[in-house]
$ cat protein24.cif   # mmCIF, C-alpha atoms
data_data
#
loop_
_atom_site.label_atom_id
_atom_site.label_comp_id
_atom_site.auth_asym_id
_atom_site.auth_seq_id
_atom_site.Cartn_x
_atom_site.Cartn_y
_atom_site.Cartn_z
CA MET G 21 -63.37 -66.50 200.87
CA ASP G 22 -66.17 -68.01 198.69
CA GLU G 23 -65.85 -68.53 194.95
CA GLU G 24 -68.07 -65.57 193.98
CA MET G 25 -65.97 -63.08 196.02
CA LEU G 26 -62.74 -64.52 194.60
CA ALA G 27 -64.11 -64.08 191.10
CA ASN G 28 -64.97 -60.44 191.80
CA VAL G 29 -61.52 -59.68 193.22
CA SER G 30 -59.85 -61.38 190.27
CA ALA G 31 -61.93 -59.38 187.79
CA TYR G 32 -61.04 -56.11 189.54
CA ASP G 33 -57.30 -56.98 189.56
CA GLU G 34 -57.39 -57.74 185.84
CA GLU G 35 -59.14 -54.43 185.14
CA ALA G 36 -56.61 -52.48 187.23
CA MET G 37 -53.72 -54.15 185.35
CA GLU G 38 -55.25 -53.15 182.03
CA VAL G 39 -55.67 -49.56 183.22
CA SER G 40 -52.06 -49.35 184.46
CA GLU G 41 -50.83 -49.97 180.92
CA SER G 42 -52.48 -46.80 179.57
CA GLU G 43 -50.41 -43.65 179.04
CA GLY G 44 -50.63 -40.00 180.17
CA GLU G 45 -52.16 -38.11 183.06
CA ILE G 46 -55.80 -37.21 183.44
CA ASP G 47 -57.07 -33.81 184.59
CA SER G 48 -60.53 -34.11 186.12
CA ASP G 49 -62.61 -30.92 186.24
CA LEU G 50 -65.89 -31.09 188.19
CA ASN G 51 -68.13 -28.25 189.30
CA GLU G 52 -67.88 -29.41 192.92
CA ALA G 53 -64.96 -30.92 194.89
CA THR G 54 -65.75 -34.65 194.96
CA GLU G 55 -64.09 -37.98 195.60
CA SER G 56 -65.26 -41.28 194.17
CA ASP G 57 -65.63 -44.52 196.14
CA TYR G 58 -62.31 -45.55 194.66
CA ASP G 59 -60.44 -42.69 196.38
CA SER G 60 -59.59 -41.07 193.04
CA PRO G 61 -59.02 -37.32 193.44
CA VAL G 62 -61.46 -35.35 191.27
CA ASN G 63 -60.96 -31.66 190.40
CA GLN G 64 -57.22 -32.04 190.81
CA THR G 65 -54.40 -33.06 188.50
CA GLY G 66 -52.92 -36.35 189.53
CA SER G 67 -51.96 -39.77 188.30
CA VAL G 68 -55.12 -41.85 188.37
CA LEU G 69 -54.00 -44.36 185.79
CA GLU G 70 -54.58 -47.27 188.13
CA ASN G 71 -58.33 -46.62 188.20
CA SER G 72 -59.11 -44.19 185.38
CA ALA G 73 -61.31 -46.71 183.63
CA VAL G 74 -63.27 -47.27 186.83
CA LEU G 75 -63.65 -43.47 187.26
CA LYS G 76 -64.82 -43.01 183.68
CA SER G 77 -67.30 -45.82 184.04
CA ALA G 78 -68.67 -44.37 187.28
CA ILE G 79 -69.05 -40.87 185.79
CA GLU G 80 -70.76 -42.19 182.69
CA SER G 81 -73.23 -43.99 184.89
CA GLY G 82 -74.08 -40.62 186.53
CA TYR G 83 -73.31 -41.91 190.02
CA LEU G 84 -70.19 -41.53 192.17
CA GLY G 85 -70.60 -43.43 195.41
CA GLN G 86 -73.35 -41.60 197.28
CA LEU G 87 -73.22 -38.52 195.04
CA ALA G 88 -75.22 -38.14 191.82
CA VAL G 89 -73.26 -36.46 189.01
CA GLU G 90 -74.74 -34.58 186.05
CA PRO G 91 -73.08 -35.74 182.80
CA TRP G 92 -72.44 -32.14 181.65
CA SER G 93 -70.75 -31.06 184.91
CA TYR G 94 -67.34 -32.61 184.30
CA SER G 95 -64.60 -32.89 181.74
CA ILE G 96 -61.52 -35.10 181.57
CA THR G 97 -58.48 -33.88 179.63
CA GLU G 98 -54.84 -34.77 179.34
CA GLY G 99 -51.96 -32.34 179.93
CA ASP G 100 -50.84 -29.62 182.37
CA GLY G 101 -52.90 -27.21 184.48
CA LYS G 102 -55.58 -24.83 183.27
CA LEU G 103 -57.87 -22.01 184.45
CA GLN G 104 -61.61 -22.01 184.04
CA VAL G 105 -63.24 -18.61 184.63
CA GLY G 106 -66.87 -17.67 185.23
CA LEU G 107 -68.50 -14.22 185.61
CA THR G 108 -71.85 -13.42 187.24
CA VAL G 109 -73.70 -10.33 188.50
CA ASN G 110 -76.23 -10.08 191.31
CA GLY G 111 -78.80 -7.66 189.84
CA GLN G 112 -80.20 -5.65 186.93
CA PHE G 113 -78.35 -2.90 185.06
CA TYR G 114 -80.33 0.06 186.38
CA GLU G 115 -79.05 3.57 186.97
CA ASP G 116 -77.97 4.16 190.60
CA ALA G 117 -78.12 0.43 191.39
CA ALA G 118 -75.50 -1.17 193.67
CA LEU G 119 -74.11 -4.25 191.92
CA THR G 120 -71.48 -6.89 192.61
CA PHE G 121 -69.74 -8.81 189.82
CA THR G 122 -68.21 -12.14 190.85
CA CYS G 123 -65.33 -13.63 188.86
CA THR G 124 -64.53 -17.25 189.76
CA ALA G 125 -61.35 -19.00 188.62
CA ASP G 126 -61.22 -22.77 189.00
CA ILE G 127 -57.60 -23.88 189.25
CA ILE G 128 -57.07 -27.26 187.63
CA GLY G 129 -53.67 -28.87 187.82
CA ASN G 130 -50.32 -27.13 188.15
CA VAL G 131 -51.07 -23.39 188.09
CA GLY G 132 -48.99 -20.51 189.43
CA GLN G 133 -50.16 -17.59 191.56
CA THR G 134 -53.27 -16.11 189.97
CA ALA G 135 -54.17 -12.43 189.50
CA VAL G 136 -57.23 -10.71 188.02
CA THR G 137 -57.62 -7.71 185.71
CA TRP G 138 -60.98 -5.96 185.38
CA THR G 139 -61.70 -3.88 182.29
CA LEU G 140 -64.65 -1.73 181.22
CA ASN G 141 -64.78 -1.10 177.48
CA ASN G 142 -61.13 -2.20 177.24
CA VAL G 143 -60.02 0.29 179.92
CA VAL G 144 -58.42 -1.25 183.02
CA LEU G 145 -60.28 -0.41 186.22
CA ARG G 146 -57.96 0.83 188.96
CA PRO G 147 -60.29 2.04 191.75
CA THR G 148 -59.19 4.58 194.34
CA SER G 149 -60.58 5.08 197.83
CA LYS G 150 -63.08 7.60 196.42
CA SER G 151 -64.07 5.56 193.40
CA ARG G 152 -67.53 4.12 192.79
CA TRP G 153 -65.78 0.84 191.96
CA LYS G 154 -64.20 -1.51 194.52
CA ILE G 155 -62.16 -4.69 193.97
CA LYS G 156 -61.46 -7.49 196.44
CA ARG G 157 -60.42 -11.14 196.61
CA LEU G 158 -62.43 -13.46 198.83
CA GLN G 159 -61.00 -16.06 201.17
CA PRO G 160 -61.07 -19.57 199.67
CA SER G 161 -63.88 -21.89 200.67
CA ARG G 162 -63.09 -25.11 202.49
CA LEU G 163 -65.67 -26.87 200.34
CA ILE G 164 -64.16 -25.63 197.08
CA PRO G 165 -60.46 -25.07 197.83
CA PHE G 166 -59.47 -25.06 194.15
CA ARG G 167 -61.67 -22.02 193.39
CA VAL G 168 -60.39 -18.43 193.60
CA VAL G 169 -63.10 -15.75 193.85
CA TYR G 170 -62.66 -12.10 192.90
CA GLN G 171 -65.37 -9.45 193.25
CA LEU G 172 -65.93 -6.06 191.64
CA SER G 173 -68.62 -3.85 193.17
CA VAL G 174 -70.05 -0.54 191.95
CA ASN G 175 -72.27 1.92 193.81
CA PRO G 176 -73.94 3.69 192.14
CA LEU G 177 -74.06 2.36 188.59
CA LYS G 178 -74.32 5.05 185.89
CA VAL G 179 -75.63 5.07 182.32
CA ARG G 180 -72.13 5.91 181.09
CA ASP G 181 -70.97 2.53 182.46
CA SER G 182 -72.77 0.74 179.60
CA GLY G 183 -70.57 -1.55 177.53
CA ARG G 184 -68.34 -4.60 177.95
CA LEU G 185 -67.20 -5.53 181.45
CA SER G 186 -64.54 -8.24 181.54
CA CYS G 187 -62.51 -10.14 184.10
CA SER G 188 -59.27 -11.80 183.01
CA VAL G 189 -57.39 -14.23 185.26
CA THR G 190 -53.77 -15.25 184.63
CA ASP G 191 -51.10 -17.20 186.48
CA GLY G 192 -48.36 -14.84 185.30
CA TYR G 193 -46.98 -17.34 182.82
CA ASN G 194 -48.84 -18.84 179.89
CA LEU G 195 -52.28 -19.47 181.37
CA GLN G 196 -55.07 -16.94 180.93
CA SER G 197 -58.86 -17.12 180.90
CA ASN G 198 -61.48 -14.39 180.73
CA ARG G 199 -65.21 -13.76 180.63
CA THR G 200 -67.24 -10.73 179.52
CA ILE G 201 -70.67 -9.33 180.37
CA GLN G 202 -72.41 -6.88 178.05
CA MET G 203 -74.06 -4.10 180.06
CA LYS G 204 -76.82 -1.79 178.84
CA VAL G 205 -77.68 0.45 181.77
CA LEU G 206 -81.28 1.66 181.88
CA GLY G 207 -81.32 5.28 182.98
CA LYS G 208 -84.00 7.03 184.97
CA PRO G 209 -86.28 9.15 182.76
CA ILE G 210 -85.42 12.78 182.01
CA VAL G 211 -88.32 15.18 181.50
CA PHE G 212 -88.82 18.88 180.83
CA ILE G 213 -91.74 21.12 181.81
CA GLY G 214 -93.04 24.21 180.07
CA PRO G 215 -93.57 26.93 180.87
CA MET G 216 -91.09 26.88 183.71
CA SER G 217 -92.43 30.21 184.96
CA ALA G 218 -95.43 32.28 183.93
CA GLY G 219 -97.75 35.07 185.03
CA ILE G 220 -101.49 34.87 184.29
CA MET G 221 -104.63 36.78 185.21
CA GLN G 222 -107.11 35.29 187.63
CA GLY G 223 -109.82 33.23 185.93
CA GLU G 224 -107.83 32.52 182.78
CA THR G 225 -106.58 29.18 181.41
CA ILE G 226 -103.01 27.94 181.17
CA PRO G 227 -101.61 24.65 179.84
CA VAL G 228 -98.52 23.08 181.45
CA GLU G 229 -96.78 20.35 179.45
CA CYS G 230 -94.34 17.70 180.68
CA PHE G 231 -92.06 16.42 177.88
CA ILE G 232 -90.09 13.17 177.88
CA LEU G 233 -86.52 13.93 176.80
CA SER G 234 -85.09 10.42 177.19
CA ASN G 235 -86.23 7.39 175.16
CA PRO G 236 -90.05 7.49 175.42
CA SER G 237 -90.27 3.69 175.15
CA GLU G 238 -88.31 3.42 178.41
CA VAL G 239 -90.76 5.63 180.36
CA ARG G 240 -93.60 3.79 182.08
CA GLU G 241 -95.28 6.71 183.84
CA ILE G 242 -95.32 10.49 184.25
CA LYS G 243 -96.12 11.62 187.79
CA TRP G 244 -97.52 15.09 188.56
CA PHE G 245 -97.28 17.12 191.77
CA LYS G 246 -99.23 20.19 192.84
CA ASN G 247 -97.69 22.39 195.52
CA GLY G 248 -95.46 19.50 196.58
CA LYS G 249 -98.15 16.78 196.76
CA LEU G 250 -98.85 13.95 194.32
CA PHE G 251 -101.59 15.08 191.94
CA ASN G 252 -103.70 13.16 189.42
CA GLY G 253 -105.76 16.07 188.12
CA SER G 254 -109.38 16.97 188.69
CA LYS G 255 -112.51 16.34 186.66
CA HIS G 256 -113.15 19.95 185.65
CA ASP G 257 -110.57 22.68 186.26
CA GLU G 258 -107.30 20.72 186.07
CA VAL G 259 -107.34 18.00 183.41
CA ILE G 260 -104.34 15.84 182.48
CA ARG G 261 -104.17 14.25 179.01
CA LYS G 262 -101.65 12.73 176.66
CA GLY G 263 -99.79 15.03 174.28
CA PRO G 264 -100.43 14.80 170.52
CA GLU G 265 -97.18 12.90 169.83
CA GLY G 266 -97.49 10.55 172.79
CA THR G 267 -94.23 11.76 174.32
CA SER G 268 -95.72 14.22 176.77
CA GLU G 269 -98.63 14.94 179.08
CA ILE G 270 -100.53 18.23 179.26
CA LEU G 271 -102.13 19.60 182.41
CA THR G 272 -104.69 22.28 181.50
CA HIS G 273 -105.75 24.55 184.36
CA ARG G 274 -108.97 26.41 183.58
CA ASN G 275 -110.35 29.30 185.61
CA ILE G 276 -107.19 29.57 187.66
CA GLN G 277 -107.68 31.37 190.97
CA GLY G 278 -104.35 31.40 192.78
CA ASN G 279 -100.62 30.88 192.57
CA VAL G 280 -99.60 27.28 192.02
CA ILE G 281 -96.45 25.21 191.53
CA TYR G 282 -96.68 22.15 189.29
CA GLU G 283 -93.95 19.53 189.09
CA CYS G 284 -93.54 16.37 187.04
CA LEU G 285 -91.13 13.45 186.76
CA GLY G 286 -90.74 10.26 184.75
CA LYS G 287 -90.66 6.74 186.16
CA ASN G 288 -89.50 3.38 184.82
CA GLU G 289 -87.94 0.13 186.11
CA ALA G 290 -84.79 2.00 187.14
CA GLY G 291 -86.80 4.33 189.37
CA GLU G 292 -87.97 7.93 189.35
CA GLY G 293 -86.06 10.63 187.50
CA PRO G 294 -85.55 14.20 188.73
CA LYS G 295 -88.48 16.57 189.18
CA VAL G 296 -88.91 19.68 187.08
CA MET G 297 -90.97 22.69 188.18
CA SER G 298 -93.45 25.16 186.68
CA ASN G 299 -94.22 28.19 188.82
CA ILE G 300 -97.50 29.92 187.91
CA THR G 301 -98.19 33.38 189.37
CA VAL G 302 -101.77 34.65 189.29
CA TYR G 303 -102.45 38.39 189.25
CA LEU G 304 -105.64 40.00 190.51
CA TYR G 305 -107.52 43.08 189.20
CA GLN G 306 -110.60 44.99 190.40
CA ASP G 307 -111.86 46.48 187.16
CA GLU G 308 -110.77 47.01 183.60
CA LYS G 309 -108.98 50.29 184.37
CA SER G 310 -106.78 48.79 187.07
CA ARG G 311 -106.22 45.55 185.25
CA ILE G 312 -102.54 44.61 185.02
CA LEU G 313 -101.68 42.98 181.71
CA CYS G 314 -98.76 40.59 181.85
CA TYR G 315 -98.46 38.67 178.64
CA ILE G 316 -96.52 35.40 178.77
CA ASN G 317 -93.44 36.03 176.68
CA THR G 318 -92.46 32.35 176.27
CA ASP G 319 -92.68 29.59 173.75
CA ARG G 320 -94.00 26.15 174.61
CA PHE G 321 -90.70 25.21 176.22
CA GLY G 322 -90.85 28.09 178.69
CA THR G 323 -88.40 30.87 179.34
CA VAL G 324 -84.73 29.97 179.62
CA TRP G 325 -83.12 31.73 182.58
CA ASN G 326 -79.40 32.29 182.48
CA TRP G 327 -77.14 32.47 185.54
CA THR G 328 -79.57 30.71 187.89
CA ILE G 329 -78.97 27.81 190.23
CA ALA G 330 -80.69 24.47 189.71
CA GLY G 331 -83.69 24.05 191.99
CA ILE G 332 -84.21 27.81 192.51
CA THR G 333 -87.64 29.14 191.50
CA VAL G 334 -87.43 32.09 189.11
CA VAL G 335 -90.52 34.19 188.42
CA LYS G 336 -90.70 36.32 185.29
CA PRO G 337 -91.28 39.90 186.54
CA CYS G 338 -94.51 41.62 185.55
CA LYS G 339 -94.23 45.37 184.92
CA GLY G 340 -97.97 45.70 184.43
CA ASN G 341 -100.22 47.75 182.16
CA GLN G 342 -98.39 46.64 179.07
CA ARG G 343 -99.87 45.18 175.93
#

$ encode --input "protein24.cif" --output "structure tokens"
Amino acid sequence: MDEEMLANVSAYDEEAMEVSESEGEIDSDLNEATESDYDSPVNQTGSVLENSAVLKSAIESGYLGQLAVEPWSYSITEGDGKLQVGLTVNGQFYEDAALTFTCTADIIGNVGQTAVTWTLNNVVLRPTSKSRWKIKRLQPSRLIPFRVVYQLSVNPLKVRDSGRLSCSVTDGYNLQSNRTIQMKVLGKPIVFIGPMSAGIMQGETIPVECFILSNPSEVREIKWFKNGKLFNGSKHDEVIRKGPEGTSEILTHRNIQGNVIYECLGKNEAGEGPKVMSNITVYLYQDEKSRILCYINTDRFGTVWNWTIAGITVVKPCKGNQR
């Protein structure tokens, strides 16, 4: 063995002796399961006193053997075990979305059997077989054996789910860690149409207005339909324009010639809201004597019909020849 190699070995032995005199255990917490060139277990609690200085030096250099290490991705502490919890979600908080929340618990050191508790606005979630919410625990990964993964899924998400969603992991003794996500669920737009039902004489003019009932700033578009087909208005007889307050659109049908059904809905990032319907009945007459007069007895919000089923078209009856 040449003199240079002997010098290196001697220097390493002296360093190891100095390290062995230090006190306490070191918990090493890395984002990924890793081992250094010195065979020092990382991400586990263990006695690494004989080479702790070497490990610290290697980490500070940002290089462990063949693996580059980010300086912020590790921590070294003294003492017993601990839990480190993270919480992520795989999508946006939109009404009717299907989302999965993933709660990861990194087990560092001596930790008992872990369990998770999910809460929504401080209420514990206990899903049933018919619930929109589902909870499961994933099988551990061979690459990250120290990590326990819990998942909470919801389908569909509702506006009423807005608030604080938390996962709390405990070992049943004195260790507990939790994370929280603040949810603000964007609902699909709600609109109203008026009049909902009306009778009008052939050749006359009628305005149909679609009102935004939800937050107008959340509505990106109002879509119109005529007799079941998407409709953008016409240049002359059927003109669509913005309402005076900017929270509605008005479709004005001039010189109306036949029965027509108009529908409208609101659209935003969460999707399209429910359609609402206006059913316009047009009455014909031959001359002034036989003309049937059916005045529209509604305000701008239309006629409210009691004891009807949603989605059923209701036409206001016309008795005729009344002023």

$ residues_around --input "protein24.cif" --residues "Glu289 of chain G" --least-positions-apart "5" --cutoff "10 Å" --atoms "all atoms listed in the file" --output "MDAnalysis selection string"
chainID G and resid 112 114:115 206:209 238:240

$ axis_aligned_box --input "protein24.cif" --around "segment 253-272 of chain G" --padding-each-side "5 Å" --output "lines of an AutoDock Vina configuration file"
center_x = -103.7
center_y = 16.6
center_z = 179.3
size_x = 28.9
size_y = 22.1
size_z = 28.9

$ closest_residue --input "protein24.cif" --among "G:Ser197, G:Arg184, G:Val174, G:Gln133" --to "Lys150 of chain G" --atoms "all atoms listed in the file"
G:Val174

$ atom_distance --input "protein24.cif" --atom1 "atom CA of Val211 of chain G" --atom2 "atom CA of Ala118 of chain G"
24.1 Å

$ resolve_selection --input "protein24.cif" --expression "the PyMOL selection byres ((chain G and resi 123-128) around 7)" --output "number ranges by chain"
G: 49, 63-65, 101-108, 121-122, 129-131, 166-171, 187

$ atom_distance --input "protein24.cif" --atom1 "atom CA of Ile270 of chain G" --atom2 "atom CA of Tyr303 of chain G"
22.6 Å

$ resolve_selection --input "protein24.cif" --expression "the PyMOL selection byres ((chain G and resi 282) around 8)" --output "mmCIF file with C-alpha atoms, in the frame of the given file"
data_model
loop_
_atom_site.group_PDB
_atom_site.id
_atom_site.type_symbol
_atom_site.label_atom_id
_atom_site.label_comp_id
_atom_site.auth_asym_id
_atom_site.auth_seq_id
_atom_site.Cartn_x
_atom_site.Cartn_y
_atom_site.Cartn_z
ATOM 1 C CA TRP G 244 -97.520 15.090 188.560
ATOM 2 C CA PHE G 245 -97.280 17.120 191.770
ATOM 3 C CA LYS G 246 -99.230 20.190 192.840
ATOM 4 C CA ASN G 247 -97.690 22.390 195.520
ATOM 5 C CA GLY G 248 -95.460 19.500 196.580
ATOM 6 C CA VAL G 280 -99.600 27.280 192.020
ATOM 7 C CA ILE G 281 -96.450 25.210 191.530
ATOM 8 C CA GLU G 283 -93.950 19.530 189.090
ATOM 9 C CA CYS G 284 -93.540 16.370 187.040
ATOM 10 C CA MET G 297 -90.970 22.690 188.180
ATOM 11 C CA SER G 298 -93.450 25.160 186.680
ATOM 12 C CA ASN G 299 -94.220 28.190 188.820
ATOM 13 C CA ILE G 300 -97.500 29.920 187.910
#

$ residues_near_point --input "protein24.cif" --point "(-111.8, 30.5, 190.0)" --cutoff "10 Å" --atoms "all atoms listed in the file" --output "list in words"
Gln222, Gly223, Glu224, Asp257, Arg274, Asn275, Ile276, Gln277 and Gly278 of chain G

$ residues_around --input "protein24.cif" --residues "Val205 of chain G" --least-positions-apart "4" --cutoff "6 Å" --atoms "only C-alpha atoms" --output "list in words"
Phe113, Tyr114, Val179 and Ser182 of chain G

$ closest_residue --input "protein24.cif" --among "G:Asn141, G:Thr200, G:Ser217, G:Ser149" --to "Asp181 of chain G" --atoms "all atoms listed in the file"
G:Asn141

$ atom_distance --input "protein24.cif" --atom1 "atom CA of Gly253 of chain G" --atom2 "atom CA of Leu233 of chain G"
22.4 Å

$ closest_residue --input "protein24.cif" --among "G:Phe231, G:Tyr193, G:Trp153, G:Trp138" --to "Phe212 of chain G" --atoms "all atoms listed in the file"
G:Phe231

$ resolve_selection --input "protein24.cif" --expression "the PyMOL selection byres ((chain G and resi 192) around 10)" --output "NGL selection string"
:G and (131-135 or 189-191 or 193-196)

$ closest_residue --input "protein24.cif" --among "G:Pro160, G:Ile242, G:Ile220, G:Ser234" --to "Leu285 of chain G" --atoms "only C-alpha atoms"
G:Ile242
